[in-house]
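Chemist: Can you keep this structure in mind? I'll have questions shortly.
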Amino acid sequence: MLRPLILSVLTLQNTAFILVTQYARTRPKDQHPPFFQSTVVVMCEAMKLVICILVVLAQNDFSPGKFWRTIRREILANPGDTLKLSVPGLLYTLQNNLVYVGISNLPAATYQVLYQLKVLTTALFSVAILGRRLSFNQMAGLVLLFLGVSMVQSETTSSKAAAVSPDANPVVGVISVLVASVSSGFAGVFFEKMVKSNANKSMWILNIQLASFGVVLGLIGGLNEGPAWFEKGLFYGFDGWVWLIVLLQGGGGIIVSLVVKYADNILKGFACAAAIILSCVGSNILFDFAITGTFFAGSVSVIMAILIYNGIGPHLGSKSSKEDPKKSS
């Protein structure tokens with residue numbers, strides 16, 4: 001009962017975040033002044049930090065003394081491990097900023113499919129950093145993923161229907177998503193290595209460390225908007241839709257942690273595939289995105305690649321080539 005629930009929540013969160021963000025970023029600027037992207041990133045990290053602190057506090061019977069001893073033992077007494085987490089913290093902050101650039105310059109459905117390249121980058125970094133071996137099924141899935149993404153990218157850069165606003169730049173959107181995919185892959189594998197080397201440490205404690213770096217680095221990254229912050233206010237342009245973005249992305253980080261703890265790659269594969277389908281349907285209904293034959297073929301290829309990579313469906317290799325599916329994102 002728990003796994004279907006997590007699947008549903010993760011799929012809906014992922015799809016809703018993409019559609020709501022695109023809507024908020026592409027509204028008429030004369031009616032809805034654009035919000036500060038860096039503020040959203042900082043608030044998402046701050047929200048995750050508060051949630052994780054509350055969970056750890058609850059685990060310590062809401063005793064400030066017990067909570068402080070836990071923080072001192074798990075975080076302050078291990079400055080080396082804490083400093084190492086600044087690497088994924090920096091990369092996740094970069095990724096979160098690039099996500100908004102990508103969504104603002106690409107249709108929601110196109111962004112959703114292109115961003116699945118993070119599966120490929122995660123696999124490559126897993127081989128390079130963790131020494132992981134890929135099964136024949138996984139390699140076939142990666143090849144199919146590359147072909148599908150290539151079709152989607154070709155459709156995005158060649159079709160005027162791909163533009164989401166008059167000043168949208170599909171090339172900038174594609175580059176942003178590609179860099180975000182690399183950042184996501186490396187950060188995810190690096191964090192996985194940290195988790196495995198600290199098997200006894202609570203996932204909530206690790207998330208506190210990550211979110212703390214995220215808040216600090218997000219504030220540093222927003223220094224270029226510093227004068228505008230002081231002139232217009234930190235929450236300039238914020239309304240209910242923008243706060244919903246904060247809620248969806250901040251909560252998404254918590255949902256992923258629960259998926260890591262209670263679920264597996266098959267669940268993630270279904271969630272990714274379902275989110276792509278829902279994103280395509282939602283983008284077609286809400287934003288008049290034209291789902292052409294090329295885009296549809298590329299989307300189907302990506303969905304099949306995700307399923308094959310996660311071991312869902314027919315096995316293409318011999319039994320000896322099968323290995324336990326590893327977490328890919």
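Just remember, in the structure tokens the first chain shown is A, the second B, etc., residues are 1-based per chain, and ligands are 1-based in the order shown.
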As a PyMOL selection string, which residues of stretch 22-172 of chain A does DSSP assign to alpha helix (DSSP H)?
Modeler: chain A and resi 22-25+37-59+64-71+79-84+86-105+108-114+117-130+136-158+170-172
Chemist: Can you write just those residues out, C-alpha atoms, as a compact mmCIF listing (two decimals), in the first residue's frame?
Modeler:
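Result file follows (out-v4.txt):
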# COMPACT_ATOMS: atom_id res chain seq x y z
CA GLN A 22 5.94 27.24 -16.63
CA TYR A 23 2.63 28.99 -16.02
CA ALA A 24 4.13 31.31 -13.39
CA ARG A 25 7.17 32.14 -15.54
CA GLN A 37 14.44 33.04 -9.36
CA SER A 38 17.19 33.06 -6.74
CA THR A 39 14.64 33.81 -4.00
CA VAL A 40 12.62 30.75 -4.98
CA VAL A 41 15.73 28.55 -4.85
CA VAL A 42 16.67 29.86 -1.40
CA MET A 43 13.14 29.45 -0.06
CA CYS A 44 12.94 25.88 -1.36
CA GLU A 45 16.13 24.98 0.48
CA ALA A 46 14.95 26.82 3.59
CA MET A 47 11.68 24.90 3.52
CA LYS A 48 13.49 21.56 3.27
CA LEU A 49 15.79 22.62 6.11
CA VAL A 50 12.86 23.50 8.38
CA ILE A 51 11.05 20.25 7.60
CA CYS A 52 14.14 18.13 8.27
CA ILE A 53 14.88 19.98 11.51
CA LEU A 54 11.31 19.36 12.69
CA VAL A 55 11.61 15.66 11.85
CA VAL A 56 14.90 15.30 13.74
CA LEU A 57 13.41 17.27 16.62
CA ALA A 58 10.44 14.87 16.66
CA GLN A 59 12.83 11.91 16.64
CA PRO A 64 15.98 20.85 22.62
CA GLY A 65 18.76 19.23 24.64
CA LYS A 66 18.55 15.89 22.83
CA PHE A 67 18.24 17.67 19.48
CA TRP A 68 21.34 19.76 20.10
CA ARG A 69 23.35 16.72 21.19
CA THR A 70 22.31 14.93 17.98
CA ILE A 71 23.35 17.89 15.82
CA PRO A 79 33.41 18.79 9.88
CA GLY A 80 35.10 16.75 7.14
CA ASP A 81 31.91 14.97 6.11
CA THR A 82 29.95 18.18 6.41
CA LEU A 83 32.39 19.97 4.10
CA LYS A 84 32.18 17.15 1.54
CA SER A 86 29.12 21.21 0.05
CA VAL A 87 29.91 19.63 -3.33
CA PRO A 88 26.43 18.21 -3.99
CA GLY A 89 25.00 21.25 -2.22
CA LEU A 90 26.67 23.57 -4.74
CA LEU A 91 25.66 21.38 -7.69
CA TYR A 92 22.05 21.07 -6.54
CA THR A 93 21.87 24.87 -6.20
CA LEU A 94 23.21 25.25 -9.74
CA GLN A 95 20.77 22.62 -10.95
CA ASN A 96 17.79 24.30 -9.29
CA ASN A 97 18.61 27.63 -10.96
CA LEU A 98 19.08 26.03 -14.36
CA VAL A 99 15.77 24.20 -14.01
CA TYR A 100 13.94 27.54 -14.04
CA VAL A 101 15.90 28.73 -17.07
CA GLY A 102 15.04 25.52 -18.91
CA ILE A 103 11.35 25.62 -18.05
CA SER A 104 11.11 29.29 -19.00
CA ASN A 105 12.54 28.64 -22.47
CA ALA A 108 6.81 21.75 -20.25
CA ALA A 109 6.62 18.43 -22.10
CA THR A 110 9.89 19.06 -23.96
CA TYR A 111 11.68 20.00 -20.76
CA GLN A 112 10.38 16.94 -18.95
CA VAL A 113 11.66 14.53 -21.60
CA LEU A 114 15.03 16.26 -22.10
CA LEU A 117 19.17 12.76 -19.63
CA LYS A 118 20.01 12.81 -15.92
CA VAL A 119 19.50 9.03 -16.05
CA LEU A 120 22.35 8.82 -18.58
CA THR A 121 24.67 11.14 -16.68
CA THR A 122 23.92 9.32 -13.42
CA ALA A 123 24.80 6.00 -15.04
CA LEU A 124 28.07 7.35 -16.45
CA PHE A 125 29.13 8.87 -13.13
CA SER A 126 28.12 5.67 -11.34
CA VAL A 127 30.53 3.74 -13.54
CA ALA A 128 33.31 6.31 -13.12
CA ILE A 129 32.94 7.04 -9.39
CA LEU A 130 31.30 3.97 -7.87
CA PHE A 136 23.01 -5.30 -21.19
CA ASN A 137 19.45 -4.15 -20.49
CA GLN A 138 20.72 -0.97 -18.88
CA MET A 139 23.08 -0.19 -21.75
CA ALA A 140 20.27 -0.81 -24.26
CA GLY A 141 18.05 1.52 -22.26
CA LEU A 142 20.69 4.25 -22.33
CA VAL A 143 21.08 3.97 -26.11
CA LEU A 144 17.30 4.17 -26.56
CA LEU A 145 17.23 7.15 -24.20
CA PHE A 146 19.84 8.99 -26.28
CA LEU A 147 17.87 8.35 -29.49
CA GLY A 148 14.62 9.52 -27.94
CA VAL A 149 16.14 12.69 -26.48
CA SER A 150 17.78 13.45 -29.83
CA MET A 151 14.38 13.35 -31.54
CA VAL A 152 12.85 15.61 -28.90
CA GLN A 153 15.78 18.07 -29.09
CA SER A 154 15.53 18.19 -32.89
CA GLU A 155 11.82 18.94 -32.65
CA THR A 156 12.42 21.61 -30.01
CA THR A 157 15.03 23.60 -31.92
CA SER A 158 13.33 23.36 -35.32
CA PRO A 170 14.91 27.07 -27.09
CA VAL A 171 18.71 26.84 -27.51
CA VAL A 172 19.28 28.43 -24.09
Chemist: Within 7 Å of stretch 229-242 of chain A, counting only C-alpha atoms, which residues show up once you throw out same-chain ones fewer than 6 positions away? Write them as a list in words, please.
Modeler: Ala24, His32, Pro33, Pro34, Phe35, Phe36 and Thr39 of chain A
Chemist: Report the distance between atom CA of A:Ser301 and atom CA of A:Leu2 in Å, rounded to one decimal place.
Modeler: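 Going from atom CA of A:Ser301 over to atom CA of A:Leu2, I get 29.0 Å.
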Chemist: Distance atom CA of A:Lys196-atom CA of A:Cys272, one decimal place?
Modeler: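 These atoms are spaced 24.2 Å apart.
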Chemist: If I take atom CA of A:Ile6 and atom CA of A:Val182, how far is one from the other in Å, to one decimal?
Modeler: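 Between atom CA of A:Ile6 and atom CA of A:Val182 the gap works out to 26.0 Å.
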Chemist: Nearest residue to A:Phe190 out of A:Ile175, A:Leu85, A:Ile208, A:Ala290, using only C-alpha atoms?
Modeler: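 Using only C-alpha atoms, the shortest distance to A:Phe190 belongs to A:Leu85.
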Chemist: Between A:Ile277, A:Leu178, A:Leu10, A:Met203, which has the minimum distance to A:Phe295 (counting only C-alpha atoms)?
Modeler: A:Ile277
Chemist: Fewer than 6 positions away in the same chain doesn't count, so skip those; otherwise give me all residues within 8 Å of A:Thr11, counting only C-alpha atoms, as a count of residues only.
Modeler: 4
Chemist: Considering only C-alpha atoms, state which residue in the set A:Thr294, A:Ser183, A:Ser176, A:Asn207 is at the smallest distance from A:Val256.
Modeler: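 Looking only at the distances to A:Val256, the closest residue turns out to be A:Asn207.
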Chemist: Residues near A:Val9, anyone? I mean within 9 Å using only C-alpha atoms, not counting same-chain ones fewer than 5 positions away, as a PyMOL selection string.
Modeler: chain A and resi 4+14+255+271
